[in-house]
Amino acid sequence: MSLAYHCPKCDALLNPNVRVVLVARFGPKQGIVLMSSQPGNYQVICDMGFCHEVAKGDIIEFKCPVCHGSLTSETHKTFAELKIVNTEKEDNNTCLLRFSRVSEEHATFLYDGDSVREFGEAANLFSDTMTIEGDWGW
Ligand SMILES: [Zn+2]
């Protein structure tokens, strides 16, 4: 599956290669993080000067590296959101990816318009609140 990740604010492509490039902020510290473009893969490459400031359970703010817009979900405040397009599908259906902003909390939800897929061992904690909401579309 070939997924293109886009900023929901400015539409910039955030994975020019295999990694998704985001700006992470915690308190006064900011750093670049490179996330896997596979939903459910929580391997992160991170600026150690930043990562060393973050402990399990801390809530990170993610920002677009292009427009610096916050990626925090408006409806689920401890989650961040990105747009995903499956570039191998003919209709290029745009999906919503929502992932936990809590450090080391592995919960990711992928909405493709009529279904929700869960990833991560903490996802079941949020299943009830992550049902399909009619209007997340763009
Ligand atoms: Zn942006």
# chains A, B, ... in the order shown; residues from 1 in each chain; ligands from 1

call {"tool": "residues_around", "arguments": {"residues": "A:His106", "least_positions_apart": "3", "cutoff": "10 Å", "atoms": "only C-alpha atoms", "output": "ChimeraX atom specification"}}
result
/A:40-42,99-103,119-123

call {"tool": "write_last_selection", "arguments": {"atoms": "C-alpha atoms", "output": "PDB file, in the first residue's frame"}}
result
ATOM      1  CA  GLY A  40       0.359   0.964  13.411  1.00  0.00           C
ATOM      2  CA  ASN A  41       4.148   1.110  13.112  1.00  0.00           C
ATOM      3  CA  TYR A  42       5.284   3.241  16.049  1.00  0.00           C
ATOM      4  CA  PHE A  99      -3.269   9.157  16.212  1.00  0.00           C
ATOM      5  CA  SER A 100      -2.691   9.660  19.916  1.00  0.00           C
ATOM      6  CA  ARG A 101      -0.552  12.644  20.955  1.00  0.00           C
ATOM      7  CA  VAL A 102       0.309  10.930  24.225  1.00  0.00           C
ATOM      8  CA  SER A 103       3.890   9.710  24.286  1.00  0.00           C
ATOM      9  CA  PHE A 119      -4.026   0.178  15.141  1.00  0.00           C
ATOM     10  CA  GLY A 120      -1.997  -0.040  18.336  1.00  0.00           C
ATOM     11  CA  GLU A 121      -2.523  -1.803  21.628  1.00  0.00           C
ATOM     12  CA  ALA A 122      -4.211   1.198  23.267  1.00  0.00           C
ATOM     13  CA  ALA A 123      -6.739   1.682  20.445  1.00  0.00           C
TER      14      ALA A 123
END

call {"tool": "residues_near_ligand", "arguments": {"ligand": "ligand 1", "cutoff": "10 Å", "atoms": "only C-alpha atoms and all ligand atoms", "output": "ChimeraX atom specification"}}
result
/A:6-14,22,63-71,82

call {"tool": "write_last_selection", "arguments": {"atoms": "N, CA and C atoms", "output": "PDB file, in the first residue's frame"}}
result
ATOM      1  N   HIS A   6      -0.768  14.004   3.944  1.00  0.00           N
ATOM      2  CA  HIS A   6      -0.876  15.439   3.682  1.00  0.00           C
ATOM      3  C   HIS A   6      -1.311  16.178   4.936  1.00  0.00           C
ATOM      4  N   CYS A   7      -0.864  17.429   5.020  1.00  0.00           N
ATOM      5  CA  CYS A   7      -1.325  18.309   6.086  1.00  0.00           C
ATOM      6  C   CYS A   7      -2.781  18.664   5.827  1.00  0.00           C
ATOM      7  N   PRO A   8      -3.663  18.530   6.830  1.00  0.00           N
ATOM      8  CA  PRO A   8      -5.068  18.898   6.618  1.00  0.00           C
ATOM      9  C   PRO A   8      -5.269  20.408   6.466  1.00  0.00           C
ATOM     10  N   LYS A   9      -4.276  21.196   6.872  1.00  0.00           N
ATOM     11  CA  LYS A   9      -4.406  22.658   6.789  1.00  0.00           C
ATOM     12  C   LYS A   9      -3.929  23.202   5.443  1.00  0.00           C
ATOM     13  N   CYS A  10      -2.722  22.815   5.011  1.00  0.00           N
ATOM     14  CA  CYS A  10      -2.142  23.410   3.792  1.00  0.00           C
ATOM     15  C   CYS A  10      -1.982  22.404   2.665  1.00  0.00           C
ATOM     16  N   ASP A  11      -2.265  21.142   2.945  1.00  0.00           N
ATOM     17  CA  ASP A  11      -2.219  20.085   1.940  1.00  0.00           C
ATOM     18  C   ASP A  11      -0.805  19.704   1.497  1.00  0.00           C
ATOM     19  N   ALA A  12       0.216  20.207   2.173  1.00  0.00           N
ATOM     20  CA  ALA A  12       1.587  19.829   1.802  1.00  0.00           C
ATOM     21  C   ALA A  12       1.787  18.331   1.973  1.00  0.00           C
ATOM     22  N   LEU A  13       2.571  17.750   1.084  1.00  0.00           N
ATOM     23  CA  LEU A  13       2.938  16.339   1.212  1.00  0.00           C
ATOM     24  C   LEU A  13       3.946  16.207   2.347  1.00  0.00           C
ATOM     25  N   LEU A  14       3.659  15.351   3.308  1.00  0.00           N
ATOM     26  CA  LEU A  14       4.505  15.241   4.502  1.00  0.00           C
ATOM     27  C   LEU A  14       5.401  14.005   4.471  1.00  0.00           C
ATOM     28  N   LEU A  22       7.237  15.470  10.679  1.00  0.00           N
ATOM     29  CA  LEU A  22       6.393  16.352  11.473  1.00  0.00           C
ATOM     30  C   LEU A  22       7.267  17.160  12.430  1.00  0.00           C
ATOM     31  N   LYS A  63       2.959  19.505  14.655  1.00  0.00           N
ATOM     32  CA  LYS A  63       2.689  20.600  13.732  1.00  0.00           C
ATOM     33  C   LYS A  63       3.203  20.240  12.345  1.00  0.00           C
ATOM     34  N   CYS A  64       2.575  20.856  11.366  1.00  0.00           N
ATOM     35  CA  CYS A  64       3.021  20.695   9.981  1.00  0.00           C
ATOM     36  C   CYS A  64       4.345  21.438   9.805  1.00  0.00           C
ATOM     37  N   PRO A  65       5.346  20.794   9.210  1.00  0.00           N
ATOM     38  CA  PRO A  65       6.627  21.477   9.010  1.00  0.00           C
ATOM     39  C   PRO A  65       6.566  22.529   7.905  1.00  0.00           C
ATOM     40  N   VAL A  66       5.504  22.533   7.120  1.00  0.00           N
ATOM     41  CA  VAL A  66       5.403  23.487   6.011  1.00  0.00           C
ATOM     42  C   VAL A  66       4.658  24.752   6.443  1.00  0.00           C
ATOM     43  N   CYS A  67       3.454  24.592   6.994  1.00  0.00           N
ATOM     44  CA  CYS A  67       2.659  25.780   7.355  1.00  0.00           C
ATOM     45  C   CYS A  67       2.675  26.033   8.864  1.00  0.00           C
ATOM     46  N   HIS A  68       3.264  25.145   9.647  1.00  0.00           N
ATOM     47  CA  HIS A  68       3.340  25.254  11.103  1.00  0.00           C
ATOM     48  C   HIS A  68       1.977  25.213  11.774  1.00  0.00           C
ATOM     49  N   GLY A  69       0.953  24.799  11.023  1.00  0.00           N
ATOM     50  CA  GLY A  69      -0.366  24.650  11.618  1.00  0.00           C
ATOM     51  C   GLY A  69      -0.386  23.483  12.580  1.00  0.00           C
ATOM     52  N   SER A  70      -1.155  23.603  13.650  1.00  0.00           N
ATOM     53  CA  SER A  70      -1.277  22.523  14.611  1.00  0.00           C
ATOM     54  C   SER A  70      -2.090  21.387  14.003  1.00  0.00           C
ATOM     55  N   LEU A  71      -1.679  20.164  14.259  1.00  0.00           N
ATOM     56  CA  LEU A  71      -2.385  18.994  13.739  1.00  0.00           C
ATOM     57  C   LEU A  71      -3.336  18.403  14.776  1.00  0.00           C
ATOM     58  N   LEU A  82      -4.123  13.702  10.336  1.00  0.00           N
ATOM     59  CA  LEU A  82      -3.482  13.907   9.033  1.00  0.00           C
ATOM     60  C   LEU A  82      -4.417  13.379   7.950  1.00  0.00           C
TER      61      LEU A  82
END

call {"tool": "atom_distance", "arguments": {"atom1": "atom CA of A:Asn93", "atom2": "atom CA of A:Asp114"}}
result
11.1 Å

call {"tool": "residues_around", "arguments": {"residues": "A:Thr129", "least_positions_apart": "5", "cutoff": "12 Å", "atoms": "only C-alpha atoms", "output": "list in words"}}
result
Thr75, His76, Phe79, Phe109, Val116, Ala123 and Asn124 of chain A

call {"tool": "atom_distance", "arguments": {"atom1": "atom CA of A:Leu96", "atom2": "atom CA of A:Glu81"}}
result
6.8 Å

call {"tool": "closest_residue", "arguments": {"among": "A:Asp91, A:Ser36, A:Met130, A:Cys46", "to": "A:Asn15", "atoms": "only C-alpha atoms"}}
result
A:Ser36

call {"tool": "closest_residue", "arguments": {"among": "A:Gln43, A:Ser73, A:Phe126, A:Asp58", "to": "A:Phe26", "atoms": "only C-alpha atoms"}}
result
A:Asp58

call {"tool": "atom_distance", "arguments": {"atom1": "atom CA of A:Ser115", "atom2": "atom CA of A:Lys77"}}
result
21.4 Å

call {"tool": "residues_around", "arguments": {"residues": "A:Cys51", "least_positions_apart": "3", "cutoff": "12 Å", "atoms": "only C-alpha atoms", "output": "compact mmCIF listing (two decimals) with N, CA and C atoms, in the first residue's frame"}}
result
# COMPACT_ATOMS: atom_id res chain seq x y z
N VAL A 23 6.74 18.29 12.87
CA VAL A 23 7.38 19.04 13.95
C VAL A 23 6.64 18.66 15.24
N ALA A 24 7.40 18.32 16.26
CA ALA A 24 6.81 17.98 17.56
C ALA A 24 7.20 19.06 18.56
N ARG A 25 6.25 19.41 19.42
CA ARG A 25 6.54 20.41 20.45
C ARG A 25 6.08 19.89 21.80
N PHE A 26 6.93 20.07 22.80
CA PHE A 26 6.53 19.76 24.17
C PHE A 26 7.13 20.84 25.05
N LYS A 29 10.32 23.02 24.08
CA LYS A 29 11.18 22.26 23.17
C LYS A 29 10.45 21.89 21.89
N GLN A 30 11.14 22.03 20.76
CA GLN A 30 10.59 21.58 19.49
C GLN A 30 11.64 20.75 18.76
N GLY A 31 11.18 19.81 17.99
CA GLY A 31 12.10 19.00 17.20
C GLY A 31 11.40 18.35 16.04
N ILE A 32 12.20 17.88 15.09
CA ILE A 32 11.67 17.15 13.94
C ILE A 32 11.51 15.68 14.35
N VAL A 33 10.39 15.11 14.01
CA VAL A 33 10.23 13.66 14.19
C VAL A 33 9.88 13.05 12.83
N LEU A 34 10.41 11.87 12.60
CA LEU A 34 10.14 11.14 11.37
C LEU A 34 9.36 9.90 11.76
N VAL A 44 9.75 5.60 15.63
CA VAL A 44 9.90 7.02 15.35
C VAL A 44 11.38 7.37 15.36
N ILE A 45 11.80 8.12 14.36
CA ILE A 45 13.15 8.68 14.38
C ILE A 45 13.00 10.12 14.85
N CYS A 46 13.80 10.47 15.83
CA CYS A 46 13.53 11.73 16.50
C CYS A 46 14.84 12.40 16.88
N ASP A 47 14.80 13.71 16.90
CA ASP A 47 15.91 14.51 17.39
C ASP A 47 16.09 14.19 18.88
N MET A 48 17.21 13.62 19.26
CA MET A 48 17.39 13.18 20.64
C MET A 48 17.33 14.35 21.63
N VAL A 54 11.04 14.27 26.69
CA VAL A 54 9.67 13.75 26.71
C VAL A 54 9.63 12.42 27.43
N ALA A 55 8.69 12.29 28.35
CA ALA A 55 8.53 11.04 29.09
C ALA A 55 7.21 10.39 28.70
N LYS A 56 7.10 9.11 28.99
CA LYS A 56 5.86 8.38 28.73
C LYS A 56 4.67 9.12 29.34
N ASP A 58 3.48 12.04 28.41
CA ASP A 58 3.45 13.46 28.06
C ASP A 58 2.65 13.65 26.77
N ILE A 60 2.21 15.47 23.39
CA ILE A 60 3.02 16.18 22.41
C ILE A 60 2.09 16.95 21.46
N SER A 103 2.64 10.45 24.52
CA SER A 103 3.89 9.71 24.29
C SER A 103 3.76 8.26 24.72
N GLU A 104 4.09 7.36 23.85
CA GLU A 104 4.07 5.92 24.06
C GLU A 104 2.68 5.33 24.21

call {"tool": "select_by_dssp", "arguments": {"residues": "chain A", "states": "strand (DSSP E)", "output": "PyMOL selection string"}}
result
chain A and resi 3-6+19-26+29-36+44-46+61-63+79-86+94-100+108-111+116-119

call {"tool": "write_last_selection", "arguments": {"atoms": "C-alpha atoms", "output": "CSV table (one decimal), in the first residue's frame"}}
result
chain,number,residue,atom,x,y,z
A,3,LEU,CA,0.1,6.1,1.2
A,4,ALA,CA,0.6,9.8,0.7
A,5,TYR,CA,0.3,11.9,3.9
A,6,HIS,CA,-0.9,15.4,3.7
A,19,ARG,CA,9.0,8.7,6.5
A,20,VAL,CA,6.4,11.2,7.5
A,21,VAL,CA,8.0,14.5,8.6
A,22,LEU,CA,6.4,16.4,11.5
A,23,VAL,CA,7.4,19.0,14.0
A,24,ALA,CA,6.8,18.0,17.6
A,25,ARG,CA,6.5,20.4,20.4
A,26,PHE,CA,6.5,19.8,24.2
A,29,LYS,CA,11.2,22.3,23.2
A,30,GLN,CA,10.6,21.6,19.5
A,31,GLY,CA,12.1,19.0,17.2
A,32,ILE,CA,11.7,17.1,13.9
A,33,VAL,CA,10.2,13.7,14.2
A,34,LEU,CA,10.1,11.1,11.4
A,35,MET,CA,7.3,8.7,11.7
A,36,SER,CA,6.6,5.5,9.8
A,44,VAL,CA,9.9,7.0,15.3
A,45,ILE,CA,13.2,8.7,14.4
A,46,CYS,CA,13.5,11.7,16.5
A,61,GLU,CA,1.8,18.8,20.0
A,62,PHE,CA,2.4,17.9,16.4
A,63,LYS,CA,2.7,20.6,13.7
A,79,PHE,CA,-5.2,13.1,19.1
A,80,ALA,CA,-3.6,14.6,16.0
A,81,GLU,CA,-4.9,14.3,12.5
A,82,LEU,CA,-3.5,13.9,9.0
A,83,LYS,CA,-4.9,13.4,5.6
A,84,ILE,CA,-4.0,10.2,3.8
A,85,VAL,CA,-4.4,9.3,0.1
A,86,ASN,CA,-3.9,5.8,-1.1
A,94,THR,CA,-8.9,10.6,0.9
A,95,CYS,CA,-8.8,9.1,4.4
A,96,LEU,CA,-8.4,10.6,7.9
A,97,LEU,CA,-5.7,9.3,10.1
A,98,ARG,CA,-6.0,10.1,13.8
A,99,PHE,CA,-3.3,9.2,16.2
A,100,SER,CA,-2.7,9.7,19.9
A,108,THR,CA,-4.3,5.1,15.7
A,109,PHE,CA,-7.6,5.3,13.8
A,110,LEU,CA,-7.9,5.3,10.0
A,111,TYR,CA,-11.2,6.5,8.6
A,116,VAL,CA,-12.7,2.8,10.8
A,117,ARG,CA,-9.5,0.7,11.2
A,118,GLU,CA,-7.7,0.6,14.5
A,119,PHE,CA,-4.0,0.2,15.1

call {"tool": "select_by_dssp", "arguments": {"residues": "stretch 25-125 of chain A", "states": "helix (DSSP H, G or I)", "output": "MDAnalysis selection string"}}
result
chainID A and resid 48:51 123:125

call {"tool": "write_last_selection", "arguments": {"atoms": "C-alpha atoms", "output": "PDB file, in the first residue's frame"}}
result
ATOM      1  CA  MET A  48      17.395  13.177  20.640  1.00  0.00           C
ATOM      2  CA  GLY A  49      17.677  16.692  22.073  1.00  0.00           C
ATOM      3  CA  PHE A  50      13.899  16.780  21.863  1.00  0.00           C
ATOM      4  CA  CYS A  51      13.058  13.164  22.666  1.00  0.00           C
ATOM      5  CA  ALA A 123      -6.739   1.682  20.445  1.00  0.00           C
ATOM      6  CA  ASN A 124      -9.429  -0.359  22.186  1.00  0.00           C
ATOM      7  CA  LEU A 125      -9.497   2.226  25.001  1.00  0.00           C
TER       8      LEU A 125
END
